[in-house]
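Asks: Below is a structure I'd like to ask you about.
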Amino acid sequence: MIKSMTGFGRSEIVSETKKCTVEIKSVNHRYFDLNIKMPKKLNFFESSIRNLLKEYIQRGKVDLFITYEDFLEKTVNVKYNKDVAAEYLEYLKEMSETFGLENDIRVSTLSRYPEVFTMDEASVDEDEIWNVLEKALRQAAESFVQTRITEGENLKNDMIDKLNGMLGKVDFIAERSPVIIAEYRKKLEDKVKELLGDSTIDENRILTEVTIFADKSCVDEELVRLKSHIQATLDALTEGGSVGRKLDFIAQEMNREANTTLSKSTDLEISNVAIDLKTEIEKIREQVQNIE
């Protein structure tokens with residue numbers, strides 16, 4: 001199947017304790033260019049995220065947006081340092097006895113002393129987070145790929161119609177080319193007769209001039225190559241897969257053959273058809289730019 005490089009996918013997983021939302025969107029690009037926006041606590045998974053998306057995407061400029069909420073998550077843990085509090089109390093008692101002061105220490109006062117209470121970062125269950133994140137990523141990626149396939153099929157059908165039309169134009173030029181040589185010969189003979197009157201026409205000279213004209217205007221090789229390129233494009237579209245780069249190269253070759261055909265043409269009808277060919281090839285090239 002043919003895939004477009006333009007796509008969008010979204011997934012949201014919500015449970016009693018967690019919520020994870022993933023959005024993927026892309027436009028055309030020569031390579032796979034991934035830009036990720038997500039909470040800092042998920043940075044640990046960046047490599048795994050990139051590897052996962054490579055299973056679904058070969059080319060395109062991709063923007064990935066991830067939000068993650070854990071409704072029960074404790075960001076910090078409070079730790080009570082009993083030994084430190086006991087040491088404070090011992091020294092306060094000693095100060096009271098030494099200086100004859102009232103020992104008026106209260107729990108609320110002692111709790112504010114340094115290191116009696118400390119806060120540590122809460123540990124994170126990475127496996128649990130990844131299980132949720134991976135599920136959301138795969139759901140979004142599958143939705144994303146489906147939109148690419150749908151648009152890719154539309155591109156494919158439109159390109160096949162254009163390519164079949166181009167084959168018809170190539171056949172017209174191939175059929176018209178011998179005719180213009182015969183027309184040239186007749187015009188040349190008529191002109192010579194007009195100039196020489198009843199004098200005998202030198203058939204060899206006429207044949208030489210016609211041969212030179214035919215050689216200069218011959219586009220047989222160009223038409224064979226052009227037809228071959230069109231068929232190769234049709235075959236690639238039928239086979240499917242990641243063929244964007246291949247088709248881009250073939251489109252450049254088609255344009256080159258059409259240019260040569262137009263430059264050799266001395267016939268208005270062939271020139272017009274060659275111009276139409278160039279126009280269609282340019283449309284094909286634009287569409288190819290958006291194929292993965």
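By order of appearance in the structure tokens: chains A, B, ..., then residues from 1 within every chain, and ligands from 1 in the order shown.
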Write out as a PDB file with N, CA and C atoms, in the first residue's frame which residues come within 12 Å of Glu253 in chain A when counting only C-alpha atoms, dropping same-chain ones fewer than 5 positions away.

Replies:
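Just written: result-v1.pdb:
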```
ATOM      1  N   GLU A 222      13.740   8.992 -26.599  1.00  0.00           N
ATOM      2  CA  GLU A 222      13.116   9.714 -25.489  1.00  0.00           C
ATOM      3  C   GLU A 222      11.748   9.130 -25.151  1.00  0.00           C
ATOM      4  N   LEU A 223      10.984   8.784 -26.183  1.00  0.00           N
ATOM      5  CA  LEU A 223       9.648   8.235 -25.946  1.00  0.00           C
ATOM      6  C   LEU A 223       9.717   6.845 -25.306  1.00  0.00           C
ATOM      7  N   ARG A 225      12.131   5.738 -23.349  1.00  0.00           N
ATOM      8  CA  ARG A 225      12.518   5.919 -21.945  1.00  0.00           C
ATOM      9  C   ARG A 225      11.371   6.514 -21.129  1.00  0.00           C
ATOM     10  N   LEU A 226      10.666   7.465 -21.728  1.00  0.00           N
ATOM     11  CA  LEU A 226       9.546   8.097 -21.030  1.00  0.00           C
ATOM     12  C   LEU A 226       8.455   7.072 -20.719  1.00  0.00           C
ATOM     13  N   LYS A 227       8.161   6.240 -21.695  1.00  0.00           N
ATOM     14  CA  LYS A 227       7.147   5.202 -21.488  1.00  0.00           C
ATOM     15  C   LYS A 227       7.599   4.211 -20.412  1.00  0.00           C
ATOM     16  N   SER A 228       8.893   3.898 -20.435  1.00  0.00           N
ATOM     17  CA  SER A 228       9.441   2.980 -19.431  1.00  0.00           C
ATOM     18  C   SER A 228       9.344   3.574 -18.032  1.00  0.00           C
ATOM     19  N   HIS A 229       9.635   4.877 -17.900  1.00  0.00           N
ATOM     20  CA  HIS A 229       9.554   5.548 -16.588  1.00  0.00           C
ATOM     21  C   HIS A 229       8.111   5.588 -16.082  1.00  0.00           C
ATOM     22  N   ILE A 230       7.183   5.845 -16.998  1.00  0.00           N
ATOM     23  CA  ILE A 230       5.767   5.883 -16.602  1.00  0.00           C
ATOM     24  C   ILE A 230       5.333   4.510 -16.100  1.00  0.00           C
ATOM     25  N   ALA A 232       7.266   2.175 -14.892  1.00  0.00           N
ATOM     26  CA  ALA A 232       7.961   1.890 -13.625  1.00  0.00           C
ATOM     27  C   ALA A 232       7.241   2.557 -12.457  1.00  0.00           C
ATOM     28  N   THR A 233       6.729   3.757 -12.685  1.00  0.00           N
ATOM     29  CA  THR A 233       5.979   4.456 -11.643  1.00  0.00           C
ATOM     30  C   THR A 233       4.668   3.732 -11.337  1.00  0.00           C
ATOM     31  N   LYS A 246      12.167   6.758  -4.520  1.00  0.00           N
ATOM     32  CA  LYS A 246      12.302   6.138  -5.836  1.00  0.00           C
ATOM     33  C   LYS A 246      11.459   6.878  -6.860  1.00  0.00           C
ATOM     34  N   LEU A 247      10.219   7.173  -6.511  1.00  0.00           N
ATOM     35  CA  LEU A 247       9.319   7.860  -7.438  1.00  0.00           C
ATOM     36  C   LEU A 247       9.779   9.284  -7.722  1.00  0.00           C
ATOM     37  N   ASP A 248      10.381   9.919  -6.736  1.00  0.00           N
ATOM     38  CA  ASP A 248      10.901  11.274  -6.930  1.00  0.00           C
ATOM     39  C   ASP A 248      11.999  11.262  -7.984  1.00  0.00           C
ATOM     40  N   ALA A 258      10.850  14.578 -21.284  1.00  0.00           N
ATOM     41  CA  ALA A 258       9.823  15.462 -21.839  1.00  0.00           C
ATOM     42  C   ALA A 258      10.446  16.761 -22.331  1.00  0.00           C
ATOM     43  N   ASN A 259      11.425  17.285 -21.602  1.00  0.00           N
ATOM     44  CA  ASN A 259      12.120  18.509 -22.027  1.00  0.00           C
ATOM     45  C   ASN A 259      12.835  18.294 -23.360  1.00  0.00           C
ATOM     46  N   THR A 260      13.519  17.156 -23.477  1.00  0.00           N
ATOM     47  CA  THR A 260      14.242  16.865 -24.721  1.00  0.00           C
ATOM     48  C   THR A 260      13.273  16.720 -25.886  1.00  0.00           C
ATOM     49  N   LYS A 278       4.732  17.775 -19.708  1.00  0.00           N
ATOM     50  CA  LYS A 278       5.534  18.440 -18.674  1.00  0.00           C
ATOM     51  C   LYS A 278       4.646  18.914 -17.522  1.00  0.00           C
ATOM     52  N   ILE A 281       3.692  15.866 -15.491  1.00  0.00           N
ATOM     53  CA  ILE A 281       4.858  15.370 -14.754  1.00  0.00           C
ATOM     54  C   ILE A 281       5.120  16.233 -13.525  1.00  0.00           C
ATOM     55  N   GLU A 282       4.942  17.532 -13.673  1.00  0.00           N
ATOM     56  CA  GLU A 282       5.136  18.435 -12.536  1.00  0.00           C
ATOM     57  C   GLU A 282       4.104  18.147 -11.441  1.00  0.00           C
ATOM     58  N   ARG A 285       5.262  15.076  -9.697  1.00  0.00           N
ATOM     59  CA  ARG A 285       6.393  15.365  -8.795  1.00  0.00           C
ATOM     60  C   ARG A 285       5.905  15.976  -7.484  1.00  0.00           C
TER      61      ARG A 285
END
```

Asks: Provide the CA of Phe32 in chain A to CA of Met254 in chain A distance in Å, to one decimal place.

Replies: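 Here the two named atoms are 26.5 Å from each other.
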
Asks: At a cut-off of 7 Å, can you tabulate as a tab-separated table every residue of range 35-119 of chain A near range 6-19 of chain A together with its closest atom pair and the distance in Å to one decimal, using only C-alpha atoms and ordering rows by chain then number?

Replies:
```
residue	atom	partner	partner_atom	distance
A:Tyr68	CA	A:Lys19	CA	5.8
A:Glu69	CA	A:Lys19	CA	5.1
A:Asp70	CA	A:Lys18	CA	4.5
A:Phe71	CA	A:Thr17	CA	5.0
A:Leu72	CA	A:Thr17	CA	6.0
```

Asks: Name the residues of range 82-196 of chain A that fall into helix (DSSP H, G or I) according to DSSP on the backbone, using the chain letters and numbers of this document, as a VMD selection string.

Replies: chain A and resid 82 to 99 107 to 110 126 to 196

Asks: Pull C-alpha atoms from the residues just selected and write them as a PDB file, in the first residue's frame.

Replies:
```
ATOM      1  CA  LYS A  82      14.289  10.586  65.168  1.00  0.00           C
ATOM      2  CA  ASP A  83      17.967  10.468  66.159  1.00  0.00           C
ATOM      3  CA  VAL A  84      18.480  14.075  65.081  1.00  0.00           C
ATOM      4  CA  ALA A  85      15.441  15.219  67.104  1.00  0.00           C
ATOM      5  CA  ALA A  86      16.701  13.310  70.180  1.00  0.00           C
ATOM      6  CA  GLU A  87      20.092  14.957  69.916  1.00  0.00           C
ATOM      7  CA  TYR A  88      18.479  18.408  69.716  1.00  0.00           C
ATOM      8  CA  LEU A  89      16.422  17.645  72.849  1.00  0.00           C
ATOM      9  CA  GLU A  90      19.480  16.452  74.768  1.00  0.00           C
ATOM     10  CA  TYR A  91      21.441  19.613  74.017  1.00  0.00           C
ATOM     11  CA  LEU A  92      18.446  21.839  74.799  1.00  0.00           C
ATOM     12  CA  LYS A  93      18.068  20.123  78.203  1.00  0.00           C
ATOM     13  CA  GLU A  94      21.772  20.640  78.874  1.00  0.00           C
ATOM     14  CA  MET A  95      21.486  24.326  77.960  1.00  0.00           C
ATOM     15  CA  SER A  96      18.520  24.695  80.336  1.00  0.00           C
ATOM     16  CA  GLU A  97      20.439  23.188  83.251  1.00  0.00           C
ATOM     17  CA  THR A  98      23.690  25.035  82.514  1.00  0.00           C
ATOM     18  CA  PHE A  99      22.151  28.506  82.224  1.00  0.00           C
ATOM     19  CA  VAL A 107       6.966  19.721  69.249  1.00  0.00           C
ATOM     20  CA  SER A 108       6.023  22.437  66.789  1.00  0.00           C
ATOM     21  CA  THR A 109       9.282  24.253  67.580  1.00  0.00           C
ATOM     22  CA  LEU A 110      11.456  21.153  67.402  1.00  0.00           C
ATOM     23  CA  GLU A 126       9.146   2.993  35.373  1.00  0.00           C
ATOM     24  CA  ASP A 127       7.656  -0.305  34.208  1.00  0.00           C
ATOM     25  CA  GLU A 128       4.173   0.788  35.212  1.00  0.00           C
ATOM     26  CA  ILE A 129       4.534   4.136  33.437  1.00  0.00           C
ATOM     27  CA  TRP A 130       5.926   2.516  30.289  1.00  0.00           C
ATOM     28  CA  ASN A 131       3.073  -0.006  30.123  1.00  0.00           C
ATOM     29  CA  VAL A 132       0.541   2.832  29.993  1.00  0.00           C
ATOM     30  CA  LEU A 133       2.659   5.024  27.726  1.00  0.00           C
ATOM     31  CA  GLU A 134       3.420   2.233  25.256  1.00  0.00           C
ATOM     32  CA  LYS A 135      -0.258   1.350  24.918  1.00  0.00           C
ATOM     33  CA  ALA A 136      -1.184   4.983  24.233  1.00  0.00           C
ATOM     34  CA  LEU A 137       1.686   5.369  21.744  1.00  0.00           C
ATOM     35  CA  ARG A 138       0.729   2.278  19.774  1.00  0.00           C
ATOM     36  CA  GLN A 139      -2.945   3.227  19.623  1.00  0.00           C
ATOM     37  CA  ALA A 140      -2.078   6.729  18.405  1.00  0.00           C
ATOM     38  CA  ALA A 141       0.480   5.355  15.912  1.00  0.00           C
ATOM     39  CA  GLU A 142      -2.024   2.896  14.444  1.00  0.00           C
ATOM     40  CA  SER A 143      -4.602   5.676  14.046  1.00  0.00           C
ATOM     41  CA  PHE A 144      -1.892   7.891  12.551  1.00  0.00           C
ATOM     42  CA  VAL A 145      -0.837   5.231  10.025  1.00  0.00           C
ATOM     43  CA  GLN A 146      -4.444   4.650   8.989  1.00  0.00           C
ATOM     44  CA  THR A 147      -4.880   8.323   8.039  1.00  0.00           C
ATOM     45  CA  ARG A 148      -1.660   8.080   6.024  1.00  0.00           C
ATOM     46  CA  ILE A 149      -2.918   4.983   4.229  1.00  0.00           C
ATOM     47  CA  THR A 150      -6.254   6.615   3.401  1.00  0.00           C
ATOM     48  CA  GLU A 151      -4.620   9.720   1.937  1.00  0.00           C
ATOM     49  CA  GLY A 152      -1.950   7.588   0.263  1.00  0.00           C
ATOM     50  CA  GLU A 153      -4.603   5.554  -1.565  1.00  0.00           C
ATOM     51  CA  ASN A 154      -6.230   8.766  -2.794  1.00  0.00           C
ATOM     52  CA  LEU A 155      -2.855   9.988  -4.048  1.00  0.00           C
ATOM     53  CA  LYS A 156      -2.180   6.636  -5.697  1.00  0.00           C
ATOM     54  CA  ASN A 157      -5.501   6.578  -7.584  1.00  0.00           C
ATOM     55  CA  ASP A 158      -5.083  10.158  -8.793  1.00  0.00           C
ATOM     56  CA  MET A 159      -1.505   9.510  -9.924  1.00  0.00           C
ATOM     57  CA  ILE A 160      -2.496   6.339 -11.791  1.00  0.00           C
ATOM     58  CA  ASP A 161      -5.130   8.328 -13.705  1.00  0.00           C
ATOM     59  CA  LYS A 162      -2.543  10.966 -14.588  1.00  0.00           C
ATOM     60  CA  LEU A 163       0.045   8.375 -15.633  1.00  0.00           C
ATOM     61  CA  ASN A 164      -2.412   6.535 -17.885  1.00  0.00           C
ATOM     62  CA  GLY A 165      -3.247   9.864 -19.495  1.00  0.00           C
ATOM     63  CA  MET A 166       0.480  10.473 -20.014  1.00  0.00           C
ATOM     64  CA  LEU A 167       0.839   7.110 -21.768  1.00  0.00           C
ATOM     65  CA  GLY A 168      -1.846   8.254 -24.205  1.00  0.00           C
ATOM     66  CA  LYS A 169       0.085  11.462 -24.900  1.00  0.00           C
ATOM     67  CA  VAL A 170       3.315   9.518 -25.486  1.00  0.00           C
ATOM     68  CA  ASP A 171       1.483   7.243 -27.946  1.00  0.00           C
ATOM     69  CA  PHE A 172       0.145  10.317 -29.762  1.00  0.00           C
ATOM     70  CA  ILE A 173       3.666  11.733 -30.199  1.00  0.00           C
ATOM     71  CA  ALA A 174       4.959   8.330 -31.367  1.00  0.00           C
ATOM     72  CA  GLU A 175       2.184   8.131 -34.003  1.00  0.00           C
ATOM     73  CA  ARG A 176       2.517  11.757 -35.049  1.00  0.00           C
ATOM     74  CA  SER A 177       6.328  11.773 -35.465  1.00  0.00           C
ATOM     75  CA  PRO A 178       6.469   9.749 -38.758  1.00  0.00           C
ATOM     76  CA  VAL A 179       3.659  11.864 -40.180  1.00  0.00           C
ATOM     77  CA  ILE A 180       5.546  15.140 -39.757  1.00  0.00           C
ATOM     78  CA  ILE A 181       8.515  13.658 -41.642  1.00  0.00           C
ATOM     79  CA  ALA A 182       6.239  12.804 -44.568  1.00  0.00           C
ATOM     80  CA  GLU A 183       4.696  16.275 -44.370  1.00  0.00           C
ATOM     81  CA  TYR A 184       8.151  17.831 -44.329  1.00  0.00           C
ATOM     82  CA  ARG A 185       9.142  15.889 -47.442  1.00  0.00           C
ATOM     83  CA  LYS A 186       6.017  16.978 -49.304  1.00  0.00           C
ATOM     84  CA  LYS A 187       6.535  20.622 -48.312  1.00  0.00           C
ATOM     85  CA  LEU A 188      10.158  20.417 -49.428  1.00  0.00           C
ATOM     86  CA  GLU A 189       9.226  18.879 -52.780  1.00  0.00           C
ATOM     87  CA  ASP A 190       6.500  21.457 -53.345  1.00  0.00           C
ATOM     88  CA  LYS A 191       8.920  24.281 -52.549  1.00  0.00           C
ATOM     89  CA  VAL A 192      11.576  22.919 -54.919  1.00  0.00           C
ATOM     90  CA  LYS A 193       9.018  22.488 -57.704  1.00  0.00           C
ATOM     91  CA  GLU A 194       7.869  26.041 -57.148  1.00  0.00           C
ATOM     92  CA  LEU A 195      11.415  27.315 -57.419  1.00  0.00           C
ATOM     93  CA  LEU A 196      12.631  25.095 -60.297  1.00  0.00           C
TER      94      LEU A 196
END
```
